[in-house]
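The file model.txt comes next; it holds compact mmCIF, C-alpha atoms (C1' of nucleotides).
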# COMPACT_ATOMS: atom_id res chain seq x y z
CA MET P 585 26.21 -40.98 -16.77
CA SER P 586 26.33 -42.61 -13.39
CA CYS P 587 24.54 -45.68 -12.31
CA ARG P 588 22.72 -43.67 -9.67
CA ARG P 589 21.35 -41.22 -12.16
CA GLU P 590 20.01 -43.98 -14.36
CA LYS P 591 18.33 -45.56 -11.41
CA GLU P 592 16.72 -42.31 -10.37
CA GLY P 593 15.59 -41.70 -13.90
CA SER P 594 13.83 -45.00 -14.09
CA GLU P 595 12.20 -44.50 -10.72
CA TRP P 596 10.64 -41.29 -11.90
CA GLU P 597 9.78 -42.89 -15.20
CA GLY P 598 8.04 -45.70 -13.40
CA ARG P 599 6.13 -43.29 -11.24
CA PHE P 600 4.87 -41.41 -14.27
CA ARG P 601 3.97 -44.47 -16.27
CA GLY P 602 2.30 -45.99 -13.28
CA CYS P 603 -0.07 -43.04 -13.36
CA GLY P 604 -0.68 -43.40 -17.08
CA TYR P 605 1.62 -40.59 -18.10
CA ARG P 606 4.45 -40.69 -20.57
CA TRP P 607 8.01 -40.03 -19.57
CA THR P 608 9.43 -37.05 -21.44
CA LEU P 609 12.46 -34.82 -21.47
CA SER P 610 10.41 -31.86 -20.27
CA ARG P 611 9.17 -33.73 -17.26
CA GLN P 612 12.61 -34.96 -16.43
CA ALA P 613 14.01 -31.44 -16.68
CA ILE P 614 11.29 -29.99 -14.49
CA ILE P 615 11.85 -32.59 -11.80
CA GLU P 616 15.57 -31.94 -11.96
CA ALA P 617 14.96 -28.24 -11.49
CA LEU P 618 12.75 -28.86 -8.50
CA SER P 619 15.26 -31.29 -7.04
CA SER P 620 18.24 -29.04 -7.39
CA THR P 621 17.09 -26.18 -5.24
CA SER P 622 15.70 -25.67 -1.79
CA ASP P 623 13.76 -22.61 -2.86
CA HIS P 624 10.03 -22.44 -3.18
CA MET P 625 9.93 -21.74 -6.87
CA SER P 626 7.08 -20.14 -8.75
CA ALA P 627 6.07 -21.62 -12.08
CA GLU P 628 7.99 -18.91 -13.87
CA GLU P 629 11.10 -19.57 -11.81
CA VAL P 630 10.90 -23.24 -12.69
CA TYR P 631 10.55 -22.17 -16.31
CA ASN P 632 13.64 -19.98 -16.10
CA ALA P 633 15.65 -22.71 -14.43
CA VAL P 634 14.63 -25.26 -17.02
CA GLN P 635 15.33 -22.88 -19.88
CA LYS P 636 19.03 -22.79 -19.06
CA LYS P 637 19.53 -26.35 -20.24
CA HIS P 638 16.52 -26.86 -22.46
CA SER P 639 15.57 -23.62 -24.09
CA SER P 640 12.78 -25.19 -26.08
CA ILE P 641 10.59 -26.07 -23.12
CA GLY P 642 7.62 -23.74 -22.93
CA LEU P 643 5.95 -22.06 -19.98
CA ALA P 644 2.66 -23.85 -20.60
CA THR P 645 4.40 -27.18 -20.29
CA VAL P 646 5.82 -26.12 -16.95
CA TYR P 647 2.35 -25.23 -15.71
CA ARG P 648 0.90 -28.47 -17.02
CA THR P 649 3.64 -30.58 -15.52
CA LEU P 650 3.44 -28.89 -12.15
CA GLU P 651 -0.28 -29.56 -12.12
CA ILE P 652 0.35 -33.23 -12.77
CA LEU P 653 3.03 -33.41 -10.11
CA VAL P 654 0.71 -31.82 -7.56
CA GLY P 655 -1.94 -34.35 -8.53
CA MET P 656 0.57 -37.15 -7.97
CA ALA P 657 1.42 -35.68 -4.57
CA VAL P 658 5.03 -35.45 -5.70
CA VAL P 659 4.99 -31.70 -5.39
CA LEU P 660 3.26 -29.46 -2.86
CA SER P 661 1.80 -26.14 -3.81
CA PHE P 662 1.84 -23.24 -1.39
CA ASP P 663 0.40 -19.78 -1.19
CA PHE P 664 2.72 -17.42 0.65
CA GLY P 665 0.61 -14.37 -0.05
CA ASP P 666 2.57 -13.10 -3.04
CA LYS P 667 -0.15 -13.82 -5.56
CA ARG P 668 1.43 -16.78 -7.23
CA ALA P 669 1.66 -20.47 -6.47
CA ARG P 670 4.95 -21.73 -5.13
CA TYR P 671 6.13 -25.30 -5.36
CA GLU P 672 8.31 -27.66 -3.43
CA LEU P 673 9.04 -31.38 -3.63
CA ALA P 674 7.05 -33.41 -1.15
CA GLU P 675 8.95 -34.62 1.87
CA ARG P 676 9.62 -38.12 0.65
CA PHE P 677 11.29 -36.88 -2.53
CA SER P 678 13.39 -34.22 -0.92
CA LYS P 679 16.28 -33.97 1.48
CA LYS P 680 14.28 -31.73 3.74
CA ASP P 681 12.60 -32.86 6.90
CA HIS P 682 8.93 -32.32 7.39
CA HIS P 683 8.42 -28.66 8.10
CA HIS P 684 5.91 -25.88 8.14
CA HIS P 685 6.32 -22.28 7.04
CA LEU P 686 6.67 -18.92 8.69
CA VAL P 687 6.26 -16.05 6.25
CA CYS P 688 7.22 -12.38 6.47
CA ASN P 689 4.34 -10.24 5.28
CA ASP P 690 6.68 -7.49 4.22
CA CYS P 691 9.73 -8.91 2.45
CA GLY P 692 8.28 -12.33 1.73
CA LYS P 693 11.04 -14.23 3.49
CA VAL P 694 10.01 -17.80 4.25
CA VAL P 695 11.39 -19.75 7.21
CA GLU P 696 10.97 -23.49 7.24
CA TYR P 697 10.75 -24.57 10.82
CA THR P 698 10.89 -28.10 12.14
CA GLU P 699 11.17 -27.48 15.87
CA PHE P 700 7.55 -27.60 16.86
CA ILE P 701 6.39 -29.97 14.20
CA GLY P 702 5.98 -33.00 16.40
CA ASP P 703 3.12 -31.63 18.44
CA GLU P 704 1.59 -30.00 15.41
CA ILE P 705 1.49 -33.22 13.44
CA GLU P 706 0.05 -35.08 16.35
CA LEU P 707 -2.70 -32.54 16.83
CA LEU P 708 -3.38 -32.34 13.11
CA ASN P 709 -3.80 -36.08 12.90
CA LYS P 710 -6.17 -36.09 15.81
CA THR P 711 -8.19 -33.19 14.42
CA GLU P 712 -8.20 -34.77 11.00
CA LYS P 713 -9.66 -37.93 12.40
CA GLY P 714 -12.32 -36.03 14.32
CA LEU P 715 -13.26 -33.93 11.33
CA SER P 716 -13.39 -36.90 8.98
CA LYS P 717 -15.84 -38.67 11.20
CA LYS P 718 -18.01 -35.71 12.11
CA TYR P 719 -18.27 -34.13 8.68
CA ASN P 720 -17.79 -37.17 6.45
CA PHE P 721 -14.81 -35.70 4.71
CA LYS P 722 -11.99 -37.70 3.22
CA ILE P 723 -9.17 -35.38 4.23
CA ASP P 724 -5.97 -35.51 2.25
CA ASN P 725 -4.23 -32.28 2.92
CA HIS P 726 -3.75 -29.52 5.42
CA VAL P 727 -2.09 -26.16 5.73
CA ILE P 728 -0.52 -24.59 8.77
CA GLN P 729 1.29 -21.35 8.30
CA PHE P 730 2.31 -18.38 10.39
CA TYR P 731 2.52 -14.84 9.10
CA GLY P 732 4.26 -11.86 10.60
CA LEU P 733 7.24 -9.57 10.27
CA CYS P 734 10.81 -10.77 10.27
CA LYS P 735 13.49 -9.05 12.31
CA LYS P 736 14.48 -6.66 9.53
CA CYS P 737 10.95 -5.65 8.63
CA GLN P 738 9.58 -4.98 12.09
CA MET U 1037 -34.01 3.87 12.44
CA SER U 1038 -33.26 2.17 15.68
CA CYS U 1039 -31.07 3.39 18.43
CA ARG U 1040 -28.93 0.33 18.00
CA ARG U 1041 -28.30 1.03 14.35
CA GLU U 1042 -27.21 4.58 15.05
CA LYS U 1043 -24.93 3.40 17.74
CA GLU U 1044 -23.38 0.80 15.50
CA GLY U 1045 -22.95 3.36 12.78
CA SER U 1046 -21.00 5.65 15.01
CA GLU U 1047 -18.89 2.82 16.31
CA TRP U 1048 -17.81 1.98 12.82
CA GLU U 1049 -17.37 5.64 12.02
CA GLY U 1050 -15.15 6.02 15.05
CA ARG U 1051 -13.12 3.03 14.06
CA PHE U 1052 -12.51 4.41 10.59
CA ARG U 1053 -11.71 7.92 11.72
CA GLY U 1054 -9.47 6.58 14.43
CA CYS U 1055 -7.38 5.07 11.64
CA GLY U 1056 -7.33 8.31 9.65
CA TYR U 1057 -9.98 7.24 7.17
CA ARG U 1058 -13.17 9.07 6.29
CA TRP U 1059 -16.54 7.57 6.91
CA THR U 1060 -18.47 7.18 3.67
CA LEU U 1061 -21.63 5.63 2.38
CA SER U 1062 -19.67 3.06 0.37
CA ARG U 1063 -17.80 1.87 3.40
CA GLN U 1064 -20.96 1.67 5.42
CA ALA U 1065 -22.67 -0.35 2.71
CA ILE U 1066 -19.77 -2.75 2.38
CA ILE U 1067 -19.67 -3.39 6.09
CA GLU U 1068 -23.42 -3.96 6.08
CA ALA U 1069 -23.04 -6.48 3.31
CA LEU U 1070 -20.33 -8.33 5.18
CA SER U 1071 -22.38 -8.27 8.37
CA SER U 1072 -25.55 -9.56 6.83
CA THR U 1073 -24.28 -12.90 5.61
CA SER U 1074 -22.41 -15.85 7.00
CA ASP U 1075 -20.92 -16.66 3.62
CA HIS U 1076 -17.32 -16.23 2.68
CA MET U 1077 -17.86 -13.66 -0.02
CA SER U 1078 -15.48 -12.88 -2.83
CA ALA U 1079 -14.90 -9.25 -3.74
CA GLU U 1080 -17.29 -9.60 -6.63
CA GLU U 1081 -19.97 -11.11 -4.42
CA VAL U 1082 -19.63 -8.20 -2.03
CA TYR U 1083 -19.95 -5.91 -5.02
CA ASN U 1084 -23.14 -7.63 -6.16
CA ALA U 1085 -24.63 -7.49 -2.70
CA VAL U 1086 -23.82 -3.82 -2.32
CA GLN U 1087 -25.18 -3.01 -5.76
CA LYS U 1088 -28.71 -4.00 -4.77
CA LYS U 1089 -29.09 -0.97 -2.53
CA HIS U 1090 -26.43 1.34 -3.90
CA SER U 1091 -26.04 0.78 -7.59
CA SER U 1092 -23.50 3.53 -7.94
CA ILE U 1093 -20.79 1.88 -5.88
CA GLY U 1094 -18.02 0.56 -8.09
CA LEU U 1095 -16.04 -2.64 -7.97
CA ALA U 1096 -12.76 -0.83 -7.47
CA THR U 1097 -14.14 0.77 -4.33
CA VAL U 1098 -15.07 -2.64 -3.02
CA TYR U 1099 -11.55 -3.89 -3.56
CA ARG U 1100 -10.08 -0.78 -1.96
CA THR U 1101 -12.36 -0.96 1.03
CA LEU U 1102 -11.74 -4.64 1.60
CA GLU U 1103 -8.03 -3.95 1.54
CA ILE U 1104 -8.48 -1.30 4.22
CA LEU U 1105 -10.66 -3.56 6.33
CA VAL U 1106 -8.11 -6.35 6.17
CA GLY U 1107 -5.46 -3.83 7.20
CA MET U 1108 -7.61 -2.82 10.16
CA ALA U 1109 -8.03 -6.50 11.09
CA VAL U 1110 -11.77 -6.03 10.83
CA VAL U 1111 -11.98 -8.50 8.00
CA LEU U 1112 -10.04 -11.70 7.41
CA SER U 1113 -9.02 -12.81 3.96
CA PHE U 1114 -8.89 -16.49 3.05
CA ASP U 1115 -7.74 -18.60 0.17
CA PHE U 1116 -9.91 -21.65 -0.31
CA GLY U 1117 -8.20 -22.73 -3.48
CA ASP U 1118 -10.69 -21.27 -5.92
CA LYS U 1119 -8.37 -18.61 -7.22
CA ARG U 1120 -9.95 -15.62 -5.56
CA ALA U 1121 -9.75 -14.06 -2.12
CA ARG U 1122 -12.69 -14.64 0.19
CA TYR U 1123 -13.60 -12.44 3.10
CA GLU U 1124 -15.25 -12.75 6.45
CA LEU U 1125 -15.70 -10.44 9.41
CA ALA U 1126 -13.20 -11.05 12.16
CA GLU U 1127 -14.48 -12.91 15.18
CA ARG U 1128 -15.07 -9.89 17.37
CA PHE U 1129 -17.32 -8.23 14.79
CA SER U 1130 -19.32 -11.29 13.93
CA LYS U 1131 -21.81 -13.58 15.59
CA LYS U 1132 -19.67 -16.56 14.77
CA ASP U 1133 -17.44 -18.28 17.25
CA HIS U 1134 -13.79 -18.70 16.52
CA HIS U 1135 -13.48 -21.41 13.91
CA HIS U 1136 -11.21 -22.91 11.32
CA HIS U 1137 -12.06 -24.19 7.86
CA LEU U 1138 -12.44 -27.52 6.16
CA VAL U 1139 -12.63 -27.24 2.38
CA CYS U 1140 -13.84 -29.67 -0.28
CA ASN U 1141 -11.36 -29.75 -3.13
CA ASP U 1142 -14.05 -30.71 -5.59
CA CYS U 1143 -17.21 -28.68 -4.99
CA GLY U 1144 -15.62 -25.98 -2.89
CA LYS U 1145 -17.92 -26.47 0.09
CA VAL U 1146 -16.51 -24.89 3.23
CA VAL U 1147 -17.26 -26.22 6.71
CA GLU U 1148 -16.52 -24.00 9.67
CA TYR U 1149 -15.67 -26.20 12.57
CA THR U 1150 -15.31 -25.18 16.18
CA GLU U 1151 -15.06 -28.56 17.89
CA PHE U 1152 -11.34 -29.02 17.96
CA ILE U 1153 -10.42 -25.39 18.18
CA GLY U 1154 -9.43 -25.34 21.83
CA ASP U 1155 -6.40 -27.56 21.46
CA GLU U 1156 -5.50 -25.97 18.16
CA ILE U 1157 -5.47 -22.49 19.61
CA GLU U 1158 -3.42 -23.60 22.56
CA LEU U 1159 -0.86 -25.27 20.36
CA LEU U 1160 -0.78 -22.34 17.95
CA ASN U 1161 -0.10 -19.93 20.78
CA LYS U 1162 2.69 -22.07 22.10
CA THR U 1163 4.22 -22.52 18.66
CA GLU U 1164 3.82 -18.85 17.95
CA LYS U 1165 5.74 -17.98 21.07
CA GLY U 1166 8.51 -20.43 20.24
CA LEU U 1167 8.81 -19.20 16.67
CA SER U 1168 8.80 -15.55 17.69
CA LYS U 1169 11.70 -16.09 20.01
CA LYS U 1170 13.73 -18.38 17.83
CA TYR U 1171 13.33 -16.55 14.53
CA ASN U 1172 12.76 -13.01 15.76
CA PHE U 1173 9.42 -12.74 14.04
CA LYS U 1174 6.57 -10.58 15.22
CA ILE U 1175 3.77 -12.99 14.38
CA ASP U 1176 0.35 -11.57 13.83
CA ASN U 1177 -1.53 -14.16 11.89
CA HIS U 1178 -1.85 -17.84 11.20
CA VAL U 1179 -3.69 -20.20 8.93
CA ILE U 1180 -4.90 -23.69 9.65
CA GLN U 1181 -7.02 -25.36 7.04
CA PHE U 1182 -7.92 -28.87 6.03
CA TYR U 1183 -8.61 -29.95 2.47
CA GLY U 1184 -10.34 -33.05 1.21
CA LEU U 1185 -13.50 -34.37 -0.35
CA CYS U 1186 -16.92 -33.94 1.18
CA LYS U 1187 -19.38 -36.79 1.41
CA LYS U 1188 -20.97 -36.04 -1.96
CA CYS U 1189 -17.72 -35.67 -3.84
CA GLN U 1190 -15.88 -38.72 -2.60
C1' DA F 919 13.12 -50.56 -37.12
C1' DT F 920 8.42 -48.94 -38.66
C1' DT F 921 3.86 -47.68 -37.92
C1' DG F 922 -0.22 -45.74 -35.88
C1' DA F 923 -2.92 -44.03 -32.11
C1' DT F 924 -2.73 -40.54 -29.14
C1' DA F 925 -0.42 -38.03 -25.35
C1' DA F 926 2.47 -34.11 -24.95
C1' DT F 927 4.26 -29.88 -26.57
C1' DG F 928 5.24 -24.78 -27.90
C1' DA F 929 3.51 -20.54 -29.27
C1' DG F 930 0.48 -17.45 -28.55
C1' DA F 931 -4.29 -16.02 -27.58
C1' DA F 932 -7.68 -15.77 -23.98
C1' DT F 933 -9.29 -15.41 -19.24
C1' DC F 934 -10.06 -13.20 -15.15
C1' DA F 935 -9.05 -11.46 -10.49
C1' DA F 936 -6.79 -7.66 -8.92
C1' DT F 937 -4.51 -3.11 -9.43
C1' DA F 938 -3.43 1.42 -11.33
C1' DT F 939 -4.86 5.78 -13.51
C1' DC F 940 -7.27 9.94 -13.54
C1' DA F 941 -10.69 13.34 -13.58
C1' DA F 942 -14.75 14.28 -10.81
C1' DT F 943 -16.82 14.26 -6.29
C1' DA F 944 -17.52 14.27 -1.39
C1' DA F 945 -15.83 14.62 3.53
C1' DG F 946 -14.86 17.42 7.14
C1' DG F 947 -11.89 20.93 9.45
C1' DA F 948 -11.38 25.99 9.28
C1' DT E 349 -19.29 28.46 3.03
C1' DC E 350 -14.60 27.46 1.50
C1' DC E 351 -10.58 24.73 0.90
C1' DT E 352 -7.77 20.83 1.08
C1' DT E 353 -7.47 16.34 0.12
C1' DA E 354 -9.30 11.60 0.61
C1' DT E 355 -12.45 8.95 -1.93
C1' DT E 356 -14.81 7.48 -5.81
C1' DG E 357 -16.41 5.36 -10.50
C1' DA E 358 -15.13 4.24 -14.88
C1' DT E 359 -11.99 2.14 -17.31
C1' DA E 360 -7.46 0.63 -18.82
C1' DT E 361 -3.87 -2.35 -17.44
C1' DT E 362 -1.43 -5.94 -15.32
C1' DG E 363 0.04 -10.51 -14.53
C1' DA E 364 -0.59 -15.24 -13.35
C1' DT E 365 -2.75 -18.99 -15.20
C1' DT E 366 -5.41 -21.57 -18.63
C1' DC E 367 -6.90 -22.66 -23.18
C1' DT E 368 -6.44 -23.62 -28.25
C1' DC E 369 -4.63 -25.84 -31.91
C1' DA E 370 -1.43 -27.39 -35.17
C1' DT E 371 2.81 -30.02 -34.69
C1' DT E 372 5.75 -33.41 -32.53
C1' DA E 373 7.11 -37.20 -29.59
C1' DT E 374 6.12 -41.43 -27.06
C1' DC E 375 5.55 -46.17 -27.09
C1' DA E 376 2.92 -50.54 -27.78
C1' DA E 377 2.12 -53.45 -31.50
C1' DT E 378 3.80 -54.96 -35.61

Go through the file and emit its structure as structure tokens.
Amino acid sequence: MSCRREKEGSEWEGRFRGCGYRWTLSRQAIIEALSSTSDHMSAEEVYNAVQKKHSSIGLATVYRTLEILVGMAVVLSFDFGDKRARYELAERFSKKDHHHHLVCNDCGKVVEYTEFIGDEIELLNKTEKGLSKKYNFKIDNHVIQFYGLCKKCQ
Amino acid sequence: MSCRREKEGSEWEGRFRGCGYRWTLSRQAIIEALSSTSDHMSAEEVYNAVQKKHSSIGLATVYRTLEILVGMAVVLSFDFGDKRARYELAERFSKKDHHHHLVCNDCGKVVEYTEFIGDEIELLNKTEKGLSKKYNFKIDNHVIQFYGLCKKCQ
DNA sequence: ATTGATAATGAGAATCAATATCAATAAGGA
DNA sequence: TCCTTATTGATATTGATTCTCATTATCAAT
């Protein structure tokens, strides 16, 4: 086992314990699964991925852990219109740049675009500030998504 | 019955028949229910509202009709994070101005804001155009929403 | 290393919004 | 009025997610 892996392990461990959670094999495996793909996995897909190495981990544990990770803002949960939550590591834990999503209503294909993000973020921040003040909300999250038909499905 | 009501009835009838659908009492009642509130009703809430005047209309019909209305772009469907679809009449069929939503993650309160819409729309249109070209998508829908905690829930 | 409090877990049952089935009914053109 | 067929209500079913509960694992204190 490499030095790097140990270091990563203890970072995650620290993050969990810092939030009052224990550090367990299941949690490690689930984070590994999320880290090792660029897909937007559903809970069941995470379960299947995790099963390959650790067949004893149950589906309920996957759901519970994902809930915790979302609460820790380590994982983001998305709704792409296919009737199940889909998960992806938050920007700072992933290799991906900040992006938003463009979803095909027919085949479900998801494009992660980064091209127009700059202006979007800027506007979102401004709007967020305005909304916070006017409506007394403490805003901690936003969604921007586009829906349509991809080339094939048009 | 007023002249206006008759006229509205036939407008809706025309819209349905123009799409190859029949015009039925159930559909009329469901549209009335959607028109007579500013809430974001769930399918079950629409069902309850409709039941008061037409107790024979079934829940399945409500779901089916809402699906059709969404397909006709008469009704918009939203996900506010409470695990059920919520519906509202599209802008051109409602008294409301174009707005986006700000949702409390705790109590579920939904604020419809219109203040910052101008810039948002402009940016969305621009982004939409850029995405269409670059990714060959025919975009027909977008979502912008903010999530946080309202004053009470902070 | 052992212990004890308790957090986490797996298996499976339960929940609940949404969808599918199917026989009966209603819409609307001929 | 008749006929075709879309629509409907009742109800069963699905499928993602959550809950329950007995068992196990974590980890701070010993």

Residues of chain P within 6 Å of chain U, counting all atoms listed in the file, as JSON, numbers by chain = {"P": [720, 721, 722, 723, 724, 725, 726, 727, 728, 729, 730, 731, 732, 733, 734, 735]}

Please list, as a short mmCIF file (atom, residue, chain, number, x, y, z; two decimals) with C-alpha atoms, in the coordinates of the input, the residues that have an atom at most 9 Å away from (8.6, -24.3, -7.4) in the coordinates of this file, counting only C-alpha atoms (C1' of nucleotides).
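So the final result, stored in result.cif, reads:
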data_model
loop_
_atom_site.label_atom_id
_atom_site.label_comp_id
_atom_site.auth_asym_id
_atom_site.auth_seq_id
_atom_site.Cartn_x
_atom_site.Cartn_y
_atom_site.Cartn_z
CA ALA P 617 14.96 -28.24 -11.49
CA LEU P 618 12.75 -28.86 -8.50
CA THR P 621 17.09 -26.18 -5.24
CA ASP P 623 13.76 -22.61 -2.86
CA HIS P 624 10.03 -22.44 -3.18
CA MET P 625 9.93 -21.74 -6.87
CA SER P 626 7.08 -20.14 -8.75
CA ALA P 627 6.07 -21.62 -12.08
CA GLU P 628 7.99 -18.91 -13.87
CA GLU P 629 11.10 -19.57 -11.81
CA VAL P 630 10.90 -23.24 -12.69
CA LEU P 650 3.44 -28.89 -12.15
CA VAL P 659 4.99 -31.70 -5.39
CA LEU P 660 3.26 -29.46 -2.86
CA SER P 661 1.80 -26.14 -3.81
CA ALA P 669 1.66 -20.47 -6.47
CA ARG P 670 4.95 -21.73 -5.13
CA TYR P 671 6.13 -25.30 -5.36
CA GLU P 672 8.31 -27.66 -3.43
CA LEU P 673 9.04 -31.38 -3.63
#

Check which residues of chain E sit at most 10 Å from chain U using all atoms listed in the file, and return one row each with the closest pair of atoms and their distance in Å to one decimal, ordered by chain and rising number, as JSON lines.
{"residue": "E:DA354", "atom": "C1'", "partner": "U:Arg1058", "partner_atom": "CA", "distance": 7.3}
{"residue": "E:DT355", "atom": "C1'", "partner": "U:Arg1058", "partner_atom": "CA", "distance": 8.3}
{"residue": "E:DT356", "atom": "C1'", "partner": "U:Thr1097", "partner_atom": "CA", "distance": 6.9}
{"residue": "E:DG357", "atom": "C1'", "partner": "U:Gly1094", "partner_atom": "CA", "distance": 5.6}
{"residue": "E:DA358", "atom": "C1'", "partner": "U:Gly1094", "partner_atom": "CA", "distance": 8.2}
{"residue": "E:DT365", "atom": "C1'", "partner": "U:Lys1119", "partner_atom": "CA", "distance": 9.8}

Between P:Arg599, P:Lys637, P:Arg611, P:Lys693, smallest distance to chain F by only C-alpha atoms (C1' of nucleotides) belongs to P:Arg611

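Of note, C1' of DA942 in chain F and CA of Tyr1083 in chain U are spaced 21.6 Å apart.
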
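Near chain P, within 10 Å and counting all atoms listed in the file, the residues of chain F are F:DA925, F:DA926, F:DT927, F:DG928, F:DA929, F:DA936.
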
Interatomic distance between CA of Thr698 in chain P and CA of Ser678 in chain P?
-> 14.6 Å

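The two atoms in question, CA of His683 in chain P and CA of Glu696 in chain P, are spaced 5.8 Å apart.
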
Can you tell me, as a list in words, what residues are no more than 12 Å from DA923 in chain F when counting all atoms listed in the file, ignoring any on the same chain fewer than 6 positions away?
-> DT374, DC375, DA376 and DA377 of chain E

Enclose the full set of atoms of range 1157-1171 of chain U listed in the file within a box whose edges lie along x, y and z, apply 4 Å of padding to each of the six sides, and report centre and edge lengths in Å to one decimal as AutoDock Vina command-line options.
--center_x 4.1 --center_y -20.4 --center_z 18.5 --size_x 27.2 --size_y 17.7 --size_z 16.0

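For the set F:DG946, F:DT939, F:DA932, F:DT921, the residue with the smallest atom-to-atom gap to DT361 in chain E is F:DT939, counting all atoms listed in the file.
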
Rebuild all heavy atoms on range 1047-1053 of chain U, as a compact mmCIF listing (two decimals), in the coordinates of the input?
# COMPACT_ATOMS: atom_id res chain seq x y z
N GLU U 1047 -20.06 3.63 15.93
CA GLU U 1047 -18.89 2.82 16.31
C GLU U 1047 -17.98 2.59 15.12
O GLU U 1047 -16.77 2.75 15.21
CB GLU U 1047 -19.34 1.47 16.87
CG GLU U 1047 -19.62 1.48 18.36
CD GLU U 1047 -20.24 0.19 18.83
OE1 GLU U 1047 -20.05 -0.85 18.15
OE2 GLU U 1047 -20.94 0.20 19.86
N TRP U 1048 -18.60 2.20 14.03
CA TRP U 1048 -17.81 1.98 12.82
C TRP U 1048 -17.15 3.27 12.37
O TRP U 1048 -15.99 3.29 12.00
CB TRP U 1048 -18.68 1.42 11.70
CG TRP U 1048 -18.98 -0.04 11.87
CD1 TRP U 1048 -20.19 -0.62 12.14
CD2 TRP U 1048 -18.04 -1.11 11.80
NE1 TRP U 1048 -20.06 -1.97 12.24
CE2 TRP U 1048 -18.75 -2.31 12.04
CE3 TRP U 1048 -16.66 -1.18 11.56
CZ2 TRP U 1048 -18.13 -3.55 12.05
CZ3 TRP U 1048 -16.04 -2.42 11.56
CH2 TRP U 1048 -16.78 -3.58 11.81
N GLU U 1049 -17.94 4.35 12.42
CA GLU U 1049 -17.37 5.64 12.02
C GLU U 1049 -16.14 5.95 12.86
O GLU U 1049 -15.09 6.33 12.33
CB GLU U 1049 -18.42 6.74 12.21
CG GLU U 1049 -17.89 8.10 11.85
CD GLU U 1049 -18.99 9.17 11.84
OE1 GLU U 1049 -20.18 8.82 11.98
OE2 GLU U 1049 -18.63 10.34 11.65
N GLY U 1050 -16.28 5.75 14.16
CA GLY U 1050 -15.15 6.02 15.05
C GLY U 1050 -13.94 5.16 14.71
O GLY U 1050 -12.81 5.63 14.71
N ARG U 1051 -14.23 3.92 14.37
CA ARG U 1051 -13.12 3.03 14.06
C ARG U 1051 -12.38 3.52 12.82
O ARG U 1051 -11.15 3.52 12.78
CB ARG U 1051 -13.65 1.61 13.84
CG ARG U 1051 -12.80 0.57 14.56
CD ARG U 1051 -13.31 -0.85 14.38
NE ARG U 1051 -14.73 -1.02 14.58
CZ ARG U 1051 -15.31 -1.32 15.73
NH1 ARG U 1051 -14.58 -1.49 16.83
NH2 ARG U 1051 -16.61 -1.49 15.82
N PHE U 1052 -13.14 3.92 11.82
CA PHE U 1052 -12.51 4.41 10.59
C PHE U 1052 -11.72 5.69 10.86
O PHE U 1052 -10.56 5.81 10.48
CB PHE U 1052 -13.56 4.63 9.50
CG PHE U 1052 -13.76 3.43 8.63
CD1 PHE U 1052 -14.53 2.37 9.08
CD2 PHE U 1052 -13.15 3.34 7.40
CE1 PHE U 1052 -14.71 1.24 8.29
CE2 PHE U 1052 -13.33 2.22 6.60
CZ PHE U 1052 -14.10 1.17 7.05
N ARG U 1053 -12.38 6.63 11.52
CA ARG U 1053 -11.71 7.92 11.72
C ARG U 1053 -10.50 7.76 12.62
O ARG U 1053 -9.49 8.46 12.47
CB ARG U 1053 -12.71 8.93 12.27
CG ARG U 1053 -13.88 9.05 11.31
CD ARG U 1053 -14.90 10.02 11.78
NE ARG U 1053 -14.44 11.38 11.58
CZ ARG U 1053 -15.23 12.39 11.27
NH1 ARG U 1053 -16.54 12.15 11.14
NH2 ARG U 1053 -14.76 13.58 11.11
